[in-house]
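Content type compact mmCIF, C-alpha atoms, from the file model.txt:
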# COMPACT_ATOMS: atom_id res chain seq x y z
CA MET W 414 -6.24 18.66 -4.05
CA ALA W 415 -3.18 17.79 -6.10
CA ALA W 416 -3.18 17.82 -9.88
CA GLN W 417 -4.13 14.48 -11.35
CA PHE W 418 -1.94 12.22 -13.46
CA SER W 419 -3.11 13.05 -16.94
CA ASN W 420 -3.07 9.73 -18.78
CA ARG W 421 -4.54 6.94 -16.68
CA SER W 422 -4.78 4.64 -19.68
CA ASN W 423 -1.00 4.10 -19.35
CA LEU W 424 -1.34 3.09 -15.71
CA GLY W 425 -1.31 -0.48 -14.56
CA PHE W 426 0.04 -3.94 -15.15
CA THR W 427 -2.11 -6.73 -16.54
CA ARG W 428 0.04 -9.88 -16.47
CA ASP W 429 -0.08 -12.18 -13.46
CA LEU W 430 2.72 -11.34 -11.03
CA PHE W 431 4.43 -13.86 -8.77
CA ILE W 432 6.84 -11.75 -6.75
CA MET W 433 9.49 -13.11 -4.40
CA PRO W 434 10.10 -10.19 -1.99
CA PHE W 435 13.31 -10.23 0.02
CA ASP W 436 13.98 -6.52 0.41
CA HIS W 437 13.80 -6.92 4.20
CA ARG W 438 16.63 -5.00 5.82
CA GLY W 439 16.08 -4.09 9.49
CA SER W 440 14.10 -7.25 10.32
CA PHE W 441 16.53 -9.46 8.38
CA GLN W 442 19.56 -8.03 10.20
CA GLU W 443 17.98 -8.20 13.63
CA LYS W 444 16.03 -11.46 13.58
CA LEU W 445 18.39 -13.61 11.53
CA PHE W 446 21.77 -12.11 12.43
CA GLY W 447 21.16 -10.37 15.78
CA ILE W 448 22.33 -6.99 14.51
CA LYS W 449 20.31 -4.35 16.32
CA GLY W 450 20.56 -0.56 16.56
CA ARG W 451 23.57 -0.29 14.23
CA GLN W 452 24.62 -0.81 10.64
CA PRO W 453 26.26 -4.15 9.78
CA ASN W 454 30.02 -4.10 9.21
CA ALA W 455 31.57 -5.15 5.88
CA GLU W 456 31.84 -8.82 6.81
CA GLU W 457 28.26 -8.95 8.11
CA THR W 458 27.02 -7.19 4.98
CA ARG W 459 28.69 -9.87 2.83
CA GLU W 460 27.11 -12.63 4.93
CA ILE W 461 23.63 -11.10 4.71
CA ALA W 462 24.07 -10.65 0.95
CA SER W 463 25.07 -14.34 0.69
CA TYR W 464 21.81 -15.36 2.39
CA LYS W 465 19.84 -13.22 -0.04
CA LYS W 466 21.67 -15.00 -2.86
CA ILE W 467 20.29 -18.30 -1.47
CA ILE W 468 16.76 -16.90 -1.89
CA PHE W 469 17.53 -15.80 -5.46
CA ASP W 470 18.97 -19.23 -6.28
CA GLY W 471 15.77 -20.83 -4.93
CA PHE W 472 13.71 -18.47 -7.07
CA LYS W 473 15.70 -19.36 -10.21
CA GLN W 474 15.44 -23.08 -9.43
CA ALA W 475 11.65 -22.75 -9.19
CA VAL W 476 11.52 -21.03 -12.58
CA ALA W 477 13.68 -23.80 -14.05
CA ALA W 478 11.16 -26.25 -12.55
CA GLY W 479 8.21 -24.65 -14.32
CA VAL W 480 7.18 -21.33 -12.74
CA PRO W 481 6.38 -19.12 -15.77
CA LYS W 482 9.34 -16.77 -16.24
CA ASP W 483 7.17 -13.98 -17.70
CA LYS W 484 5.20 -13.85 -14.43
CA ALA W 485 8.07 -14.32 -11.98
CA GLY W 486 9.83 -11.37 -10.37
CA ILE W 487 12.02 -10.46 -7.42
CA LEU W 488 11.92 -7.53 -5.01
CA VAL W 489 15.27 -6.91 -3.36
CA ASP W 490 17.13 -3.96 -1.86
CA GLU W 491 20.26 -2.20 -3.08
CA GLN W 492 22.06 -2.51 0.29
CA PHE W 493 22.32 -6.31 0.25
CA GLY W 494 21.08 -7.18 -3.23
CA SER W 495 22.91 -5.00 -5.79
CA GLU W 496 24.56 -7.95 -7.52
CA ILE W 497 21.27 -9.88 -7.54
CA LEU W 498 19.41 -6.95 -9.16
CA ILE W 499 22.05 -6.67 -11.89
CA GLU W 500 22.10 -10.43 -12.52
CA ALA W 501 18.28 -10.74 -12.50
CA LYS W 502 17.88 -7.96 -15.05
CA LYS W 503 20.58 -9.49 -17.25
CA GLU W 504 18.75 -12.83 -17.12
CA GLY W 505 15.45 -11.23 -18.13
CA PHE W 506 13.55 -11.39 -14.85
CA MET W 507 11.22 -8.66 -13.63
CA THR W 508 12.78 -6.71 -10.78
CA ALA W 509 11.54 -4.32 -8.12
CA CYS W 510 13.53 -2.01 -5.83
CA PRO W 511 12.31 -0.43 -2.59
CA ALA W 512 12.48 3.35 -2.25
CA GLU W 513 11.62 3.60 1.45
CA LYS W 514 13.78 3.64 4.57
CA SER W 515 13.44 0.29 6.28
CA GLY W 516 11.51 -0.16 9.51
CA GLN W 517 10.05 3.35 9.72
CA ASP W 518 6.50 4.13 10.82
CA GLU W 519 6.51 7.16 8.50
CA PHE W 520 7.42 6.82 4.83
CA ASP W 521 10.58 8.63 3.81
CA PHE W 522 13.13 8.11 1.04
CA GLU W 523 16.01 5.71 1.75
CA TYR W 524 18.39 7.93 -0.22
CA GLY W 525 16.73 11.32 0.30
CA ALA W 526 16.81 13.63 -2.70
CA GLU W 527 19.11 11.17 -4.51
CA PHE W 528 16.34 8.57 -4.87
CA GLY W 529 16.18 8.97 -8.66
CA ALA W 530 19.88 8.23 -9.19
CA HIS W 531 19.59 5.06 -7.09
CA ILE W 532 16.55 3.87 -9.03
CA HIS W 533 18.30 4.39 -12.37
CA LYS W 534 21.37 2.48 -11.26
CA PHE W 535 19.32 -0.71 -11.64
CA GLY W 536 16.52 0.21 -14.07
CA PRO W 537 13.95 -1.98 -12.30
CA THR W 538 10.57 -2.99 -13.72
CA PHE W 539 8.94 -1.60 -10.56
CA VAL W 540 9.78 0.99 -7.94
CA LYS W 541 8.21 -0.18 -4.70
CA VAL W 542 7.23 1.62 -1.52
CA LEU W 543 5.97 0.27 1.78
CA VAL W 544 3.69 2.73 3.56
CA ARG W 545 1.74 2.55 6.81
CA TYR W 546 -1.33 4.67 6.23
CA ASN W 547 -4.61 4.59 8.13
CA PRO W 548 -7.20 6.89 6.50
CA GLN W 549 -8.71 7.63 9.92
CA GLY W 550 -5.31 8.13 11.54
CA ASP W 551 -3.11 11.20 12.08
CA THR W 552 -4.08 13.65 9.28
CA THR W 553 -0.81 15.62 9.50
CA LEU W 554 1.21 12.42 9.14
CA ASN W 555 -0.94 11.28 6.23
CA GLN W 556 -0.47 14.64 4.50
CA ARG W 557 3.33 14.52 4.87
CA GLN W 558 3.48 10.98 3.53
CA SER W 559 1.13 11.79 0.64
CA GLU W 560 3.31 14.70 -0.49
CA ARG W 561 6.43 12.51 -0.61
CA LEU W 562 4.53 9.71 -2.31
CA LYS W 563 3.15 12.00 -4.99
CA LYS W 564 6.68 13.16 -5.75
CA LEU W 565 7.75 9.54 -6.25
CA SER W 566 4.61 8.63 -8.20
CA ASP W 567 5.15 11.57 -10.58
CA TYR W 568 8.82 10.66 -10.95
CA CYS W 569 8.04 7.04 -11.84
CA HIS W 570 5.46 7.93 -14.45
CA SER W 571 7.57 10.64 -16.04
CA HIS W 572 10.42 8.11 -16.36
CA GLN W 573 8.29 5.20 -17.66
CA LEU W 574 8.75 3.17 -14.48
CA LYS W 575 5.97 1.13 -12.89
CA PHE W 576 5.01 2.10 -9.33
CA MET W 577 4.25 -0.69 -6.84
CA PHE W 578 2.56 0.51 -3.66
CA GLU W 579 2.60 -1.73 -0.57
CA LEU W 580 -0.13 -0.41 1.71
CA LEU W 581 -0.29 -1.45 5.34
CA VAL W 582 -3.22 -0.17 7.39
CA PRO W 583 -2.29 -0.54 11.05
CA ALA W 584 -5.25 -0.17 13.44
CA THR W 585 -5.65 3.03 15.42
CA PRO W 586 -6.12 2.46 19.18
CA GLU W 587 -9.81 3.39 18.76
CA GLN W 588 -10.31 0.91 15.92
CA LEU W 589 -8.68 -1.87 17.91
CA THR W 590 -10.81 -1.06 20.95
CA SER W 591 -13.95 -1.23 18.80
CA VAL W 592 -13.21 -4.92 18.05
CA GLY W 593 -12.35 -5.78 21.64
CA GLY W 594 -8.59 -5.57 21.06
CA ASP W 595 -8.74 -8.55 18.70
CA ALA W 596 -6.30 -8.09 15.79
CA ALA W 597 -7.87 -10.96 13.81
CA ARG W 598 -11.31 -9.30 14.07
CA TYR W 599 -9.78 -5.99 12.96
CA ASP W 600 -8.26 -7.75 9.92
CA LYS W 601 -11.56 -9.33 8.98
CA GLU W 602 -14.17 -6.70 9.95
CA LEU W 603 -12.52 -3.29 9.57
CA ARG W 604 -9.31 -3.46 7.54
CA PRO W 605 -10.77 -4.21 4.05
CA ALA W 606 -12.96 -1.05 4.04
CA LEU W 607 -10.11 1.02 5.51
CA MET W 608 -7.79 -0.19 2.75
CA ALA W 609 -10.21 0.95 0.05
CA GLN W 610 -10.64 4.28 1.85
CA ALA W 611 -6.85 4.74 2.08
CA MET W 612 -6.44 3.94 -1.63
CA LYS W 613 -9.09 6.53 -2.52
CA GLN W 614 -7.48 9.22 -0.38
CA LEU W 615 -4.09 8.57 -1.98
CA GLN W 616 -5.55 8.48 -5.50
CA ASP W 617 -7.40 11.75 -4.85
CA PHE W 618 -4.09 13.27 -3.77
CA GLY W 619 -2.49 12.25 -7.08
CA VAL W 620 -0.59 9.17 -5.93
CA GLU W 621 -1.01 6.71 -8.81
CA ALA W 622 0.01 3.09 -8.28
CA ASP W 623 0.33 0.68 -11.19
CA VAL W 624 0.16 -2.23 -8.76
CA TRP W 625 -1.23 -2.16 -5.22
CA LYS W 626 0.43 -4.65 -2.89
CA LEU W 627 -2.13 -5.31 -0.17
CA GLU W 628 -2.54 -7.36 2.96
CA GLY W 629 -4.57 -10.53 2.44
CA ILE W 630 -8.36 -10.43 2.51
CA GLU W 631 -10.49 -13.40 3.55
CA THR W 632 -13.62 -12.92 1.44
CA ALA W 633 -14.16 -12.56 -2.30
CA GLU W 634 -16.63 -9.74 -1.65
CA ASP W 635 -14.05 -7.61 0.19
CA SER W 636 -11.41 -8.50 -2.41
CA LYS W 637 -13.70 -7.20 -5.16
CA LYS W 638 -14.10 -3.89 -3.31
CA VAL W 639 -10.38 -3.18 -3.22
CA ALA W 640 -9.98 -4.30 -6.85
CA LEU W 641 -12.76 -1.89 -7.87
CA GLN W 642 -11.12 0.93 -5.92
CA ALA W 643 -7.78 0.23 -7.60
CA ARG W 644 -9.44 0.57 -11.03
CA GLN W 645 -11.97 3.35 -10.42
CA GLY W 646 -11.85 6.58 -12.41
CA GLY W 647 -10.43 5.16 -15.63
CA ARG W 648 -7.59 3.23 -13.98
CA ASP W 649 -8.72 0.17 -15.90
CA HIS W 650 -5.47 -1.79 -15.91
CA VAL W 651 -4.24 -1.21 -12.35
CA GLY W 652 -3.61 -4.52 -10.59
CA VAL W 653 -3.64 -5.73 -7.00
CA ILE W 654 -1.29 -8.34 -5.55
CA VAL W 655 -1.57 -9.96 -2.14
CA LEU W 656 1.31 -9.87 0.34
CA GLY W 657 2.10 -12.67 2.78
CA ARG W 658 2.84 -10.58 5.88
CA GLY W 659 4.95 -13.41 7.30
CA GLU W 660 1.81 -15.42 8.06
CA ASN W 661 1.77 -19.21 8.20
CA ALA W 662 1.39 -21.11 4.94
CA GLU W 663 -2.25 -22.07 5.61
CA LYS W 664 -3.36 -18.46 6.08
CA VAL W 665 -1.46 -17.38 2.95
CA LYS W 666 -3.04 -20.22 0.95
CA LEU W 667 -6.50 -19.02 2.01
CA TRP W 668 -5.71 -15.45 0.92
CA LEU W 669 -4.27 -16.54 -2.43
CA THR W 670 -7.08 -18.96 -3.21
CA THR W 671 -9.62 -16.19 -2.55
CA ALA W 672 -7.68 -13.55 -4.51
CA ALA W 673 -7.01 -15.72 -7.57
CA GLN W 674 -10.74 -15.87 -8.32
CA VAL W 675 -11.28 -12.08 -8.28
CA PRO W 676 -10.81 -9.99 -11.46
CA GLY W 677 -8.20 -7.29 -10.92
CA LEU W 678 -6.20 -9.34 -8.43
CA ILE W 679 -3.21 -10.42 -10.46
CA GLY W 680 -0.86 -12.25 -8.11
CA PHE W 681 1.11 -12.15 -4.91
CA ALA W 682 4.28 -11.10 -3.13
CA VAL W 683 5.06 -13.73 -0.50
CA GLY W 684 8.49 -13.66 1.12
CA ARG W 685 9.08 -14.73 4.72
CA THR W 686 6.49 -17.53 4.53
CA ILE W 687 8.65 -18.97 1.73
CA PHE W 688 12.24 -18.35 2.85
CA TRP W 689 12.39 -17.72 6.60
CA GLU W 690 12.40 -21.28 7.95
CA PRO W 691 14.91 -22.61 5.38
CA LEU W 692 17.32 -19.73 6.13
CA LYS W 693 16.84 -20.04 9.89
CA LYS W 694 17.61 -23.76 9.74
CA LEU W 695 20.78 -23.09 7.76
CA LYS W 696 21.84 -20.31 10.14
CA ASP W 697 21.31 -22.66 13.10
CA GLY W 698 23.53 -25.27 11.48
CA HIS W 699 20.82 -27.64 10.26
CA GLY W 700 21.18 -28.77 6.65
CA THR W 701 23.19 -27.44 3.73
CA ARG W 702 22.95 -24.38 1.53
CA GLN W 703 21.45 -26.54 -1.21
CA ASP W 704 18.81 -27.84 1.22
CA ALA W 705 17.75 -24.22 1.82
CA VAL W 706 17.70 -23.46 -1.93
CA ASP W 707 15.60 -26.59 -2.59
CA GLN W 708 13.06 -25.76 0.12
CA ILE W 709 12.70 -22.14 -1.00
CA ALA W 710 12.19 -23.29 -4.61
CA LYS W 711 9.58 -25.82 -3.50
CA ASN W 712 7.72 -23.29 -1.31
CA TYR W 713 7.67 -20.58 -4.00
CA LYS W 714 6.62 -22.97 -6.77
CA GLY W 715 3.90 -24.32 -4.47
CA PHE W 716 2.30 -20.88 -4.13
CA CYS W 717 2.62 -20.23 -7.90
CA ASP W 718 0.95 -23.58 -8.67
CA LEU W 719 -1.78 -22.85 -6.11
CA TRP W 720 -2.52 -19.49 -7.77
CA VAL W 721 -2.72 -20.99 -11.26
CA SER W 722 -4.94 -23.80 -10.04
CA ALA W 723 -7.29 -21.47 -8.12
CA ARG W 724 -7.40 -19.11 -11.10
CA GLN W 725 -8.62 -21.99 -13.24
CA GLY W 726 -11.26 -22.87 -10.63
CA HIS W 727 -9.74 -26.19 -9.56
Rewrite the coordinates I just gave you, this time as structure tokens.
Amino acid sequence: MAAQFSNRSNLGFTRDLFIMPFDHRGSFQEKLFGIKGRQPNAEETREIASYKKIIFDGFKQAVAAGVPKDKAGILVDEQFGSEILIEAKKEGFMTACPAEKSGQDEFDFEYGAEFGAHIHKFGPTFVKVLVRYNPQGDTTLNQRQSERLKKLSDYCHSHQLKFMFELLVPATPEQLTSVGGDAARYDKELRPALMAQAMKQLQDFGVEADVWKLEGIETAEDSKKVALQARQGGRDHVGVIVLGRGENAEKVKLWLTTAAQVPGLIGFAVGRTIFWEPLKKLKDGHGTRQDAVDQIAKNYKGFCDLWVSARQGH
């Protein structure tokens, strides 16, 4: 077993977190711009960056309309969002940068051994990773990923950076078979316990998240279990936020309403559910840029208001 992070009292993040994630790279290029199997050229890169700027403008408009600035943050990539990261930090917003290669089944560093230099270029509030990890899956794969993740976890904590860990737990073929091939049943019946098991395995390996970014959970009981796992062993301030996973607004509202009432769950990171339709409409020639900004602002503020209201028990 790996050596443990020595001072867990410094771990965690206790403020509510309303993250607008738009660090999508592969999926953004392919599904919005039809760029597949190659890197975008300079003109395409500028166009993609301009669409990400629309999201950022929507985010800022929502904050101007009343979303609490001290809880609002963005998650965007260096490739298409460098200027946004610089501007957001200058304007006092929380920022997060991804460290992983986009669209990979196995976690690896986007910039290889140079990951530290790329992180420090922007000095984000959070360094974020997206990892597919099933605790009952391929043990060799899990070991390789854990070693890389521990290196990043140690780096973050030795440089006073917060580590945000997005954990996806895709079903193994056997797990899916056990629920009759029904993905919704897997989500409801098996995934919550597997998430807690994955978190424990990673923690035992020495991977220490300040914030876990987790797929939505439908019951308060299951939500409490993952929150307890996040904070076990003296990790008293570690938080959990719920991701949207591109689900429809009704499903996301259910997840957020459930999560907001559970101690240890501190917010959300909802992206595509907020910005995809407005951007798609614009790309297809329907409406103006400002229409897209307005709709993104409205969608984001709606989820923030929902969280605050559910938190207060309304």
Report task. Give as a list in words every residue, naming chains and numbers as the document does, that has an atom within 8 Å of (14.4, -8.0, -8.5), counting all atoms listed in the file. Result ->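 Residues with an atom close enough to that point: Gly486, Ile487, Leu488, Val489, Ile497, Leu498, Ala501, Lys502, Phe506, Met507, Thr508, Ala509, Cys510 and Pro537 of chain W.
Across the structure, CA of Ser571 (chain W) and CA of His531 (chain W) are spaced 16.0 Å apart.
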Query raised in the report: Which polymer residues, protein or nucleic acid, are no farther than 12 Å from (19.2, -26.6, 5.1), counting all atoms listed in the file, as a PyMOL selection string?
Result: chain W and resi 464+467+688-709
**Report entry** Lys564 (chain W) environment, 12 Å, all atoms listed in the file, sequence neighbours closer than 6 positions dropped, as number ranges by chain
**Finding:** W: 415-416, 418, 512, 521-522, 525-526, 528-529, 557-558, 570-571, 576, 618-621
Query - Phe578 (chain W) surroundings by only C-alpha atoms, 9 Å radius, close-in-sequence under 4 positions cut, as number ranges by chain - result: W: 540-544, 621-627
Query raised in the report: Counting all atoms listed in the file, which of W:His650, W:Lys444, W:Lys465, W:Lys637 gets nearest to Leu424 (chain W)?
Result: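 Of the candidates, the smallest distance to Leu424 (chain W) is held by W:His650.
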**Report entry** Contacts of Arg451 (chain W) within 10 Å, all atoms listed in the file, excl. fewer than 3 positions in-chain, as a list in words
**Finding:** Gly439, Gln442, Glu443, Ile448 and Asn454 of chain W
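Of the residues under consideration (W:Phe520, W:Tyr599, W:Phe539, W:Phe472), W:Phe520 shows the shortest atom-to-atom contact distance to Glu560 (chain W) when counting all atoms listed in the file.
Using all atoms listed in the file, the contacts of Gly715 (chain W) at a cut-off of 12 Å, with sequence neighbours closer than 2 positions omitted, comprise W:Phe431, W:Phe472, W:Ala475, W:Val476, W:Ala478, W:Gly479, W:Val480, W:Ala662, W:Val665, W:Lys666, W:Leu669, W:Val683, W:Thr686, W:Ile687, W:Gln708, W:Ile709, W:Ala710, W:Lys711, W:Asn712, W:Tyr713, W:Cys717, W:Asp718, W:Leu719, W:Trp720, W:Val721, W:Ser722.
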Query raised in the report: Residues at most 10 Å from Gly505 (chain W), counting all atoms listed in the file, excluding those fewer than 5 positions away in the same chain, as a ChimeraX atom specification?
Result: /W:482-483,486,500
